[in-house]
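Q: File name run-v3.cif; file contents mmCIF, C-alpha atoms; full text below.
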```cif
data_entry
#
loop_
_atom_site.label_atom_id
_atom_site.label_comp_id
_atom_site.auth_asym_id
_atom_site.auth_seq_id
_atom_site.Cartn_x
_atom_site.Cartn_y
_atom_site.Cartn_z
CA MET A 1267 53.57 110.11 -27.88
CA TRP A 1268 52.41 113.64 -28.70
CA GLU A 1269 52.44 116.32 -26.05
CA THR A 1270 50.69 119.69 -26.51
CA GLU A 1271 51.09 122.58 -24.08
CA LEU A 1272 48.75 125.61 -23.84
CA PHE A 1273 49.80 128.71 -21.89
CA ARG A 1274 47.66 131.52 -20.53
CA GLY A 1275 48.13 134.84 -22.34
CA ASN A 1276 46.01 137.81 -23.34
CA SER A 1277 42.19 137.55 -23.33
CA ALA A 1278 41.85 136.99 -27.09
CA PHE A 1279 44.37 134.17 -26.93
CA ASN A 1280 42.64 132.64 -23.93
CA GLU A 1281 39.24 132.62 -25.71
CA THR A 1282 40.75 130.88 -28.71
CA ALA A 1283 42.62 128.47 -26.46
CA ASP A 1284 39.44 127.61 -24.58
CA LEU A 1285 37.63 126.83 -27.83
CA MET A 1286 40.49 124.67 -29.08
CA LEU A 1287 40.68 122.99 -25.71
CA GLY A 1288 37.05 121.96 -25.89
CA LEU A 1289 37.49 120.38 -29.31
CA VAL A 1290 40.80 118.70 -28.47
CA SER A 1291 39.47 117.43 -25.16
CA LEU A 1292 36.62 115.62 -26.92
CA MET A 1293 39.02 113.86 -29.29
CA VAL A 1294 41.45 113.04 -26.50
CA PHE A 1295 38.69 111.61 -24.37
CA LEU A 1296 37.68 109.33 -27.23
CA CYS A 1297 41.29 108.32 -27.74
CA LEU A 1298 41.82 107.56 -24.07
CA MET A 1299 38.76 105.41 -24.03
CA GLN A 1300 40.37 103.33 -26.76
CA GLY A 1301 43.74 102.83 -24.99
CA PRO A 1302 46.09 104.38 -22.41
CA CYS A 1303 49.09 106.54 -23.22
CA ALA A 1304 52.57 105.98 -21.83
CA HIS A 1305 51.72 107.99 -18.73
CA GLY A 1306 48.78 105.69 -18.03
CA ARG A 1307 46.38 106.62 -15.23
CA GLU A 1308 48.14 109.92 -14.45
CA CYS A 1309 47.42 111.29 -17.97
CA ARG A 1310 43.75 110.38 -17.72
CA ARG A 1311 43.51 112.09 -14.32
CA LYS A 1312 44.97 115.30 -15.78
CA LEU A 1313 42.43 115.30 -18.60
CA LEU A 1314 39.38 114.78 -16.39
CA THR A 1315 40.39 117.34 -13.71
CA THR A 1316 41.52 120.11 -16.04
CA VAL A 1317 39.72 123.50 -15.81
CA PRO A 1318 39.53 125.57 -19.05
CA GLY A 1319 42.09 128.33 -18.99
CA SER A 1320 44.44 126.59 -16.54
CA PHE A 1321 45.19 123.51 -18.64
CA THR A 1322 48.82 122.39 -18.55
CA SER A 1323 49.34 119.44 -20.85
CA LEU A 1324 47.59 116.69 -22.81
CA CYS A 1325 48.96 113.32 -23.78
CA ILE A 1326 47.52 111.53 -26.81
CA ASN A 1327 48.14 107.98 -27.86
CA PRO A 1328 48.95 108.03 -31.63
CA ASP A 1329 47.44 104.61 -32.16
CA SER A 1330 44.22 105.70 -30.54
CA ALA A 1331 44.20 108.91 -32.57
CA MET A 1332 44.43 106.93 -35.75
CA SER A 1333 41.49 104.73 -34.83
CA ALA A 1334 39.47 107.77 -33.85
CA SER A 1335 40.02 109.33 -37.28
CA SER A 1336 37.44 106.97 -38.76
CA LEU A 1337 34.74 108.32 -36.42
CA PRO A 1338 33.40 111.08 -38.80
CA PHE A 1339 32.82 108.50 -41.53
CA VAL A 1340 30.84 106.26 -39.20
CA VAL A 1341 28.79 109.22 -37.99
CA GLY A 1342 28.18 110.34 -41.59
CA ALA A 1343 27.00 106.91 -42.60
CA ASN A 1344 24.62 106.77 -39.66
CA THR A 1345 23.29 110.23 -40.55
CA VAL A 1346 22.44 109.14 -44.11
CA GLU A 1347 20.73 106.01 -42.87
CA ASP A 1348 18.81 108.01 -40.26
CA GLN A 1349 17.67 110.49 -42.92
CA ARG A 1350 16.46 107.68 -45.15
CA ALA A 1351 14.60 106.16 -42.22
CA ARG A 1352 12.92 109.52 -41.50
CA TRP A 1353 11.86 109.84 -45.15
CA GLU A 1354 10.40 106.37 -45.08
CA ARG A 1355 8.47 107.10 -41.87
CA LYS A 1356 7.07 110.32 -43.34
CA ARG A 1357 6.20 108.56 -46.57
CA SER A 1358 4.40 105.72 -44.75
CA ARG A 1359 2.54 108.20 -42.58
CA THR A 1360 1.43 110.24 -45.62
CA ALA A 1361 0.32 107.11 -47.52
CA LYS A 1362 -1.70 105.98 -44.51
CA GLU A 1363 -3.37 109.39 -44.17
CA LEU A 1364 -4.10 109.45 -47.91
CA LEU A 1365 -5.91 106.10 -47.69
CA GLU A 1366 -7.85 107.04 -44.54
CA THR A 1367 -9.07 110.32 -46.04
CA GLU A 1368 -9.88 108.53 -49.30
CA TYR A 1369 -12.26 106.26 -47.37
CA LYS A 1370 -14.02 109.33 -45.90
CA TYR A 1371 -14.22 110.99 -49.32
CA LEU A 1372 -15.76 107.87 -50.87
CA GLU A 1373 -18.22 107.61 -48.01
CA GLN A 1374 -19.43 111.17 -48.62
CA LEU A 1375 -19.72 110.68 -52.38
CA ASP A 1376 -21.63 107.47 -51.75
CA LEU A 1377 -24.25 109.45 -49.80
CA VAL A 1378 -25.00 111.57 -52.86
CA LEU A 1379 -25.00 108.63 -55.26
CA THR A 1380 -27.07 106.30 -53.07
CA TYR A 1381 -29.65 108.68 -51.64
CA PHE A 1382 -29.98 111.05 -54.59
CA VAL A 1383 -28.65 109.91 -57.98
CA THR A 1384 -29.73 106.25 -57.85
CA ILE A 1385 -33.18 106.92 -56.39
CA LEU A 1386 -33.88 109.91 -58.65
CA LYS A 1387 -33.01 107.81 -61.69
CA ALA A 1388 -35.36 105.05 -60.56
CA LYS A 1389 -38.25 107.37 -59.67
CA GLY A 1390 -37.89 109.68 -62.66
CA THR A 1391 -38.42 112.74 -60.47
CA LEU A 1392 -35.98 114.69 -62.61
CA LYS A 1393 -35.44 114.48 -66.34
CA PRO A 1394 -32.18 112.76 -67.36
CA ALA A 1395 -30.75 116.00 -68.75
CA VAL A 1396 -31.50 117.87 -65.51
CA LEU A 1397 -30.03 115.02 -63.47
CA GLU A 1398 -26.87 115.08 -65.57
CA THR A 1399 -26.55 118.86 -65.17
CA ILE A 1400 -26.81 118.75 -61.38
CA PHE A 1401 -24.51 115.81 -60.68
CA GLY A 1402 -22.23 115.78 -63.71
CA PRO A 1403 -19.53 113.05 -63.78
CA LEU A 1404 -19.92 112.29 -60.06
CA GLU A 1405 -20.33 108.54 -60.64
CA SER A 1406 -17.13 108.42 -62.71
CA LEU A 1407 -15.25 110.36 -60.03
CA TYR A 1408 -16.40 107.86 -57.42
CA SER A 1409 -15.24 104.93 -59.55
CA ALA A 1410 -11.79 106.48 -60.10
CA SER A 1411 -11.27 107.06 -56.37
CA HIS A 1412 -12.58 103.62 -55.50
CA VAL A 1413 -10.00 101.99 -57.81
CA LEU A 1414 -7.28 104.20 -56.30
CA SER A 1415 -8.23 103.11 -52.77
CA LEU A 1416 -8.03 99.43 -53.75
CA HIS A 1417 -4.47 99.88 -55.02
CA LEU A 1418 -3.51 101.87 -51.92
CA GLU A 1419 -4.81 99.05 -49.71
CA LYS A 1420 -2.50 96.58 -51.47
CA GLY A 1421 0.46 98.97 -51.43
CA ASN A 1422 0.44 99.29 -55.24
CA LEU A 1423 0.95 103.06 -55.19
CA GLY A 1424 2.63 103.37 -58.59
CA GLN A 1425 0.06 101.34 -60.51
CA GLY A 1426 -2.80 103.05 -58.69
CA LEU A 1427 -1.50 106.50 -59.59
CA GLU A 1428 -1.04 105.57 -63.26
CA ILE A 1429 -4.69 104.56 -63.52
CA PHE A 1430 -5.88 107.52 -61.44
CA CYS A 1431 -4.11 110.05 -63.69
CA GLN A 1432 -6.31 108.95 -66.58
CA SER A 1433 -9.36 110.29 -64.73
CA LEU A 1434 -7.97 113.63 -63.57
CA ASP A 1435 -9.62 115.59 -66.39
CA LEU A 1436 -13.00 114.69 -64.84
CA TYR A 1437 -12.24 117.16 -62.06
CA GLY A 1438 -11.76 119.97 -64.55
CA HIS A 1439 -15.04 119.17 -66.32
CA TYR A 1440 -16.79 118.92 -62.96
CA ALA A 1441 -15.51 122.41 -62.05
CA GLU A 1442 -16.71 123.82 -65.37
CA ASN A 1443 -20.21 122.49 -64.69
CA LEU A 1444 -20.48 123.34 -60.97
CA GLU A 1445 -21.93 126.83 -61.39
CA GLN A 1446 -24.64 125.59 -63.75
CA ALA A 1447 -25.24 122.62 -61.43
CA ASN A 1448 -25.95 124.90 -58.46
CA LYS A 1449 -28.16 127.14 -60.59
CA THR A 1450 -30.19 124.20 -61.91
CA LEU A 1451 -30.50 122.70 -58.42
CA LYS A 1452 -31.86 125.98 -57.10
CA GLU A 1453 -34.36 126.20 -59.95
CA GLN A 1454 -35.62 122.66 -59.31
CA VAL A 1455 -36.02 123.32 -55.58
CA ASN A 1456 -38.08 126.42 -56.34
CA LYS A 1457 -40.39 125.05 -59.04
CA ASN A 1458 -40.44 121.24 -58.57
CA LYS A 1459 -42.49 120.48 -55.45
CA SER A 1460 -41.89 116.72 -55.48
CA PHE A 1461 -38.11 117.18 -55.81
CA ARG A 1462 -38.09 119.79 -53.05
CA LYS A 1463 -39.90 117.40 -50.71
CA PHE A 1464 -37.63 114.50 -51.68
CA LYS A 1465 -34.47 116.56 -51.14
CA LYS A 1466 -35.57 117.73 -47.71
CA LEU A 1467 -36.47 114.16 -46.67
CA GLN A 1468 -33.11 112.76 -47.74
CA GLU A 1469 -31.14 115.50 -46.00
CA THR A 1470 -32.81 114.68 -42.67
CA ARG A 1471 -31.28 111.19 -42.66
CA PRO A 1472 -28.71 110.74 -39.86
CA GLN A 1473 -26.00 109.84 -42.39
CA PHE A 1474 -26.00 113.41 -43.69
CA GLN A 1475 -25.28 114.87 -40.23
CA GLY A 1476 -27.20 118.05 -40.98
CA ARG A 1477 -25.51 118.69 -44.33
CA GLU A 1478 -27.48 119.67 -47.41
CA LEU A 1479 -26.92 118.53 -50.98
CA GLU A 1480 -25.41 121.93 -51.78
CA ASP A 1481 -22.70 121.25 -49.17
CA LEU A 1482 -21.72 117.94 -50.76
CA LEU A 1483 -21.51 118.93 -54.43
CA PRO A 1484 -18.16 120.81 -54.06
CA LEU A 1485 -16.50 117.77 -52.42
CA PRO A 1486 -14.58 116.58 -55.54
CA LEU A 1487 -12.88 119.95 -55.95
CA GLN A 1488 -11.98 120.07 -52.27
CA ARG A 1489 -10.50 116.59 -52.61
CA LEU A 1490 -8.48 117.67 -55.65
CA HIS A 1491 -6.83 120.33 -53.49
CA GLN A 1492 -5.98 117.66 -50.90
CA TYR A 1493 -4.56 115.35 -53.57
CA LYS A 1494 -2.13 118.06 -54.57
CA HIS A 1495 -0.61 118.20 -51.08
CA PHE A 1496 -0.68 114.45 -50.45
CA PHE A 1497 1.07 113.55 -53.72
CA ARG A 1498 3.63 116.34 -53.30
CA ASP A 1499 4.52 115.11 -49.79
CA LEU A 1500 4.84 111.53 -51.06
CA LEU A 1501 7.16 112.69 -53.84
CA GLU A 1502 9.35 114.71 -51.47
CA ASN A 1503 9.85 111.66 -49.25
CA THR A 1504 10.51 109.16 -52.05
CA SER A 1505 14.04 108.39 -53.24
CA PRO A 1506 14.60 109.32 -56.92
CA ASP A 1507 16.12 105.90 -57.63
CA THR A 1508 12.92 104.00 -56.71
CA ALA A 1509 10.41 102.68 -59.24
CA ASN A 1510 7.55 104.82 -57.91
CA TYR A 1511 9.39 108.15 -58.10
CA GLN A 1512 8.75 108.86 -61.80
CA LYS A 1513 5.11 107.81 -61.49
CA LEU A 1514 4.69 110.10 -58.49
CA ALA A 1515 6.39 112.97 -60.31
CA LYS A 1516 4.04 112.54 -63.28
CA THR A 1517 1.02 112.42 -60.98
CA VAL A 1518 2.07 115.58 -59.13
CA LYS A 1519 2.54 117.40 -62.45
CA SER A 1520 -0.89 116.27 -63.70
CA VAL A 1521 -2.65 117.21 -60.46
CA TYR A 1522 -1.06 120.66 -60.46
CA GLU A 1523 -2.12 121.22 -64.08
CA VAL A 1524 -5.74 120.25 -63.36
CA SER A 1525 -5.70 122.34 -60.17
CA GLN A 1526 -4.59 125.34 -62.21
CA TRP A 1527 -7.35 124.62 -64.73
CA VAL A 1528 -9.90 124.61 -61.91
CA GLN A 1529 -8.42 127.78 -60.39
CA ASP A 1530 -8.64 129.56 -63.75
CA ILE A 1531 -12.33 128.61 -63.97
CA PHE A 1532 -13.03 130.14 -60.56
CA ASP A 1533 -10.92 133.23 -61.32
CA LYS A 1534 -12.84 133.82 -64.54
CA ARG A 1535 -16.13 133.37 -62.69
CA GLU A 1536 -15.04 135.79 -59.97
CA ASN A 1537 -13.97 138.34 -62.58
CA SER A 1538 -17.39 138.13 -64.22
CA LEU A 1539 -19.07 138.76 -60.87
CA GLN A 1540 -16.85 141.78 -60.31
CA LEU A 1541 -17.75 143.15 -63.73
CA LEU A 1542 -21.44 142.76 -62.89
CA ARG A 1543 -20.82 144.60 -59.64
CA ILE A 1544 -19.14 147.43 -61.55
CA GLN A 1545 -22.09 147.52 -63.92
CA LYS A 1546 -24.47 147.95 -60.97
CA LEU A 1547 -22.34 150.78 -59.62
CA LEU A 1548 -22.65 152.48 -63.02
CA LYS A 1549 -26.45 152.20 -62.92
CA GLY A 1550 -28.10 155.41 -64.05
CA GLN A 1551 -25.23 156.21 -66.41
CA LYS A 1552 -25.25 155.46 -70.11
CA THR A 1553 -22.38 153.00 -69.82
CA GLN A 1554 -22.32 149.22 -69.99
CA VAL A 1555 -19.46 146.89 -69.20
CA LEU A 1556 -18.91 144.05 -71.65
CA THR A 1557 -16.93 140.89 -71.00
CA SER A 1558 -15.86 140.46 -74.63
CA ALA A 1559 -12.28 141.08 -75.61
CA LYS A 1560 -13.18 143.14 -78.70
CA PRO A 1561 -12.80 146.91 -78.29
CA CYS A 1562 -15.87 149.10 -78.74
CA HIS A 1563 -15.50 151.80 -81.35
CA PRO A 1564 -16.95 155.14 -80.22
CA LEU A 1565 -18.79 155.49 -83.57
CA HIS A 1566 -20.43 152.06 -83.36
CA LEU A 1567 -24.22 152.44 -83.50
CA LEU A 1568 -24.92 149.95 -80.67
CA ASN A 1569 -21.73 149.86 -78.62
CA SER A 1570 -20.69 153.50 -78.49
CA ASN A 1571 -21.85 153.76 -74.84
CA LYS A 1572 -20.21 150.49 -73.71
CA LEU A 1573 -16.85 149.64 -72.17
CA SER A 1574 -14.99 146.52 -73.20
CA CYS A 1575 -13.08 144.46 -70.65
CA GLN A 1576 -9.67 143.78 -72.20
CA ALA A 1577 -7.93 142.20 -69.21
CA VAL A 1578 -8.21 141.61 -65.46
CA TYR A 1579 -5.20 142.16 -63.18
CA PRO A 1580 -4.63 140.90 -59.61
CA LEU A 1581 -4.77 144.01 -57.45
CA HIS A 1582 -3.07 142.28 -54.49
CA GLN A 1583 0.09 142.06 -56.65
CA CYS A 1584 -0.06 145.74 -57.63
CA SER A 1585 2.34 148.54 -56.73
CA VAL A 1586 0.86 152.07 -57.07
CA ASP A 1587 3.14 155.06 -57.70
CA LYS A 1588 2.66 158.67 -58.72
CA VAL A 1589 4.70 159.48 -61.81
CA PHE A 1590 3.71 163.12 -61.51
CA GLY A 1591 0.90 164.96 -59.77
CA HIS A 1592 2.46 165.19 -56.32
CA THR A 1593 1.75 168.91 -56.05
CA TRP A 1594 -1.43 170.85 -56.65
CA SER A 1595 -1.42 171.18 -60.42
CA GLN A 1596 -3.43 170.11 -63.45
CA GLY A 1597 -3.92 166.39 -62.87
CA GLY A 1598 -1.25 163.73 -62.89
CA LEU A 1599 -0.13 160.26 -63.93
CA LEU A 1600 -0.29 157.03 -61.91
CA SER A 1601 1.75 153.89 -62.54
CA LEU A 1602 0.19 150.52 -61.67
CA SER A 1603 2.93 147.88 -61.70
CA PHE A 1604 2.05 144.17 -61.85
CA PRO A 1605 4.48 141.23 -62.15
CA HIS A 1606 4.22 141.12 -65.95
CA LYS A 1607 2.50 144.37 -66.84
CA THR A 1608 2.59 148.10 -66.07
CA LEU A 1609 -0.45 150.33 -66.61
CA LEU A 1610 -0.54 154.13 -66.70
CA LEU A 1611 -3.59 156.15 -65.60
CA MET A 1612 -3.71 159.82 -66.51
CA THR A 1613 -6.17 162.60 -65.83
CA SER A 1614 -6.18 166.38 -66.10
CA SER A 1615 -8.11 166.69 -62.82
CA GLN A 1616 -6.06 167.05 -59.66
CA GLN A 1617 -9.00 165.89 -57.57
CA GLU A 1618 -9.33 162.71 -59.63
CA ILE A 1619 -5.62 161.83 -59.44
CA ASN A 1620 -5.69 162.25 -55.66
CA ASP A 1621 -8.87 160.16 -55.33
CA TRP A 1622 -7.48 157.44 -57.59
CA TYR A 1623 -4.22 157.26 -55.70
CA ARG A 1624 -5.89 157.19 -52.30
CA SER A 1625 -8.46 154.55 -53.31
CA LEU A 1626 -5.99 152.28 -55.10
CA THR A 1627 -3.36 152.36 -52.35
CA ALA A 1628 -6.03 151.66 -49.72
CA ALA A 1629 -7.41 148.72 -51.72
CA VAL A 1630 -3.95 147.23 -52.30
CA ARG A 1631 -3.04 147.64 -48.63
CA GLN A 1632 -6.26 145.93 -47.56
CA LEU A 1633 -5.73 142.97 -49.92
CA LYS A 1634 -2.12 142.49 -48.79
CA ALA A 1635 -2.99 142.67 -45.09
#
```
Transcribe the structure of this file into C-alpha cells.

A:
Amino acid sequence: MWETELFRGNSAFNETADLMLGLVSLMVFLCLMQGPCAHGRECRRKLLTTVPGSFTSLCINPDSAMSASSLPFVVGANTVEDQRARWERKRSRTAKELLETEYKYLEQLDLVLTYFVTILKAKGTLKPAVLETIFGPLESLYSASHVLSLHLEKGNLGQGLEIFCQSLDLYGHYAENLEQANKTLKEQVNKNKSFRKFKKLQETRPQFQGRELEDLLPLPLQRLHQYKHFFRDLLENTSPDTANYQKLAKTVKSVYEVSQWVQDIFDKRENSLQLLRIQKLLKGQKTQVLTSAKPCHPLHLLNSNKLSCQAVYPLHQCSVDKVFGHTWSQGGLLSLSFPHKTLLLMTSSQQEINDWYRSLTAAVRQLKA
C-alpha cells in the first residue's frame, strides 16, 4: 500500500499540487478500476469526492499500478496502427480520385481525336503536315493515359506507373509545339474556309458543351500539373517498405522534371513577349532589343544600335536597395539582389536614380502583393 499526502501551502505550491493531482488522479482511477486497495470502498469514495486543493490522501494498489504501467505501450501501438489506417484511407481516396479524373481527361481528349483528328485525316481538309503541327502527339498521349487507366482499374499501380513514365517526354514535346500549334490553327481558320466551317460545326455539338478547339488543346499540360499533385500525395501516403514506393518515387521525380521542362518553355516564351513589349516602348528610338546571348560591340556596323539580352531575372524575387544616392547629389547606385545574383545600376543623374528606385520598388511590391 502506498499513501501520498498533499497539503495546502502558498499559491505557487497549490498550482503545482493541482496539476500533479490531476495526473495522479487519472492513474489512480485506472488502478482502482483494476482492483480495490486495502481500504476498499472508503478509498474509492475519497478519490471520487475530492475537490482540487483540498485533497487529503490517496491510496494506490501496487498490483494495479504495475498493470497500469503497460497502458502507454498499448496506446502507442494503437496510435501507430491508427496512423497507418489513416494513410491507407488517404491513399485509397487519392487513387480513386486519380482514376475518376483520368476518365474525364480521356473523355475530353477523345472529343478532339474523334471529331477533329480522325475526320480531318479521312476528309483531307488539312495537309498532313498542318494536321501534325496543330495536334502534335495527341494520339500518343491518349494511348499512354488509356493504358494507365486500365492498370489503375485493376489496382496495378506500380506496373501502370512504370509504363506511363516511358511516355512522359511526350508532354514536354507537346508543350514545345503548343505555341506553333495555336498559331497554325489561327492561320487555317482565317484562310481555309472549309476548315473554318468544319471547326464551327463540330464545336456546336452538345458533347463540346460550348468549348472551342482552342480550349481543349492545352488539356495535356493541365493534366500534367494534376499528375504532379496526385503522384506526390500517393507517395506521401505509401509506406517506404512497400513494393510500390520506389516506383512511385521514380514517377514523382520524372513528373517533376518534365513539369520543370514545361515551365521553362513557358518562362522563355513569356520573356520573349516581354522583350517585344520593351522593343515597342523603345519605338522611335534607334535601339533594338535582341534575344541572342552574344554581346553587341558598339563598333559593329549592323548591331551598334542594338541591345543584347544577356539574362532575365525574376523581379518578384528581387530586393532593391540604394547603395548611395540617398541625398540630392550627382546620381547614385542601386543594388538589385536576387537569390543567386546581385546587379548594380549606376547613373550620374539624380533624377534617374530616384525614378529607377521608385519604379523598381513599386513593381516589386506589386508582384509580391

Q: Counting all atoms listed in the file, which of A:Ser1415, A:Gln1349, A:Gln1473, A:Asn1620 gets nearest to Val1378 of chain A?

A: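 Under the stated criterion, the closest residue is A:Gln1473.
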
Q: If I take atom CA of Leu1386 of chain A and atom CA of Thr1470 of chain A, how far is one from the other in Å, to one decimal?

A: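 Between these atoms lies a distance of 16.7 Å.
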
Q: My list of candidates is A:Leu1377, A:Leu1436, A:Leu1514, A:Leu1500. Which is closest to Pro1472 of chain A when distances are computed with all atoms listed in the file?

A: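 Of all the options, A:Leu1377 lies closest to Pro1472 of chain A.
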
Q: Take the PyMOL selection byres ((chain A and resi 1505-1508) around 12), apply it to the structure above, and return the hits as a PyMOL selection string.

A: chain A and resi 1349-1354+1357+1424+1500-1504+1509-1515

Q: Pick from A:Val1524, A:Leu1434, A:Leu1609, A:Ile1619: nearest to Pro1403 of chain A, with all atoms listed in the file counted?

A: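 Among A:Val1524, A:Leu1434, A:Leu1609, A:Ile1619, it is A:Leu1434 that comes nearest to Pro1403 of chain A.
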
Q: Quick one: pull the distance between atom CA of Leu1418 of chain A and atom CA of Leu1379 of chain A, Å, one decimal.

A: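 Spanning atom CA of Leu1418 of chain A to atom CA of Leu1379 of chain A is a straight-line distance of 22.8 Å.
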
Q: Pick the closest to Val1518 of chain A from A:Lys1607, A:Phe1497, A:Ser1538, A:Asp1533: which is it, counting all atoms listed in the file?

A: A:Phe1497

Q: Hey, can you pull every residue with an atom no more than 12 Å from (-8.1, 110.0, -55.0), using all atoms listed in the file, and send it as a PyMOL selection string?

A: chain A and resi 1361+1363-1372+1375+1406-1418+1423+1426-1434+1436-1437+1485-1497+1517+1521

Q: Between atom CA of Leu1599 of chain A and atom CA of Ala1635 of chain A, what is the distance in Å, rounded to a tenth?

A: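 For atom CA of Leu1599 of chain A relative to atom CA of Ala1635 of chain A, the distance reads 25.9 Å.
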
Q: When you look at Ser1603 of chain A with a cut-off of 9 Å (counting only C-alpha atoms), what residues show up, excluding the ones that are within fewer than 3 positions of it in the same chain? I need them as a VMD selection string.

A: chain A and resid 1583 to 1587 1606 to 1610

Q: So what does the PyMOL selection byres ((chain A and resi 1456-1464) around 10) actually pick up in this one, as a list in words?

A: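 Listing what the PyMOL selection byres ((chain A and resi 1456-1464) around 10) selects in the shown file: Tyr1381, Phe1382, Ile1385, Leu1386, Thr1391, Leu1392, Thr1450, Leu1451, Lys1452, Glu1453, Gln1454, Val1455, Lys1465, Lys1466, Leu1467, Gln1468 and Glu1469 of chain A.
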
Q: Using all atoms listed in the file, which of A:Tyr1579, A:Ser1625, A:Gln1617, A:Glu1442 sits nearest Phe1604 of chain A?

A: A:Tyr1579

Q: With the PyMOL selection byres ((chain A and resi 1446) around 12) as the selection, what would be picked from this file? Answer as a PyMOL selection string, please.

A: chain A and resi 1396-1402+1439-1445+1447-1453+1483+1535

Q: Between A:Gln1545, A:Thr1360, A:Gln1596, A:Thr1627, which is the closest to Arg1498 of chain A once you count only C-alpha atoms?

A: A:Thr1360
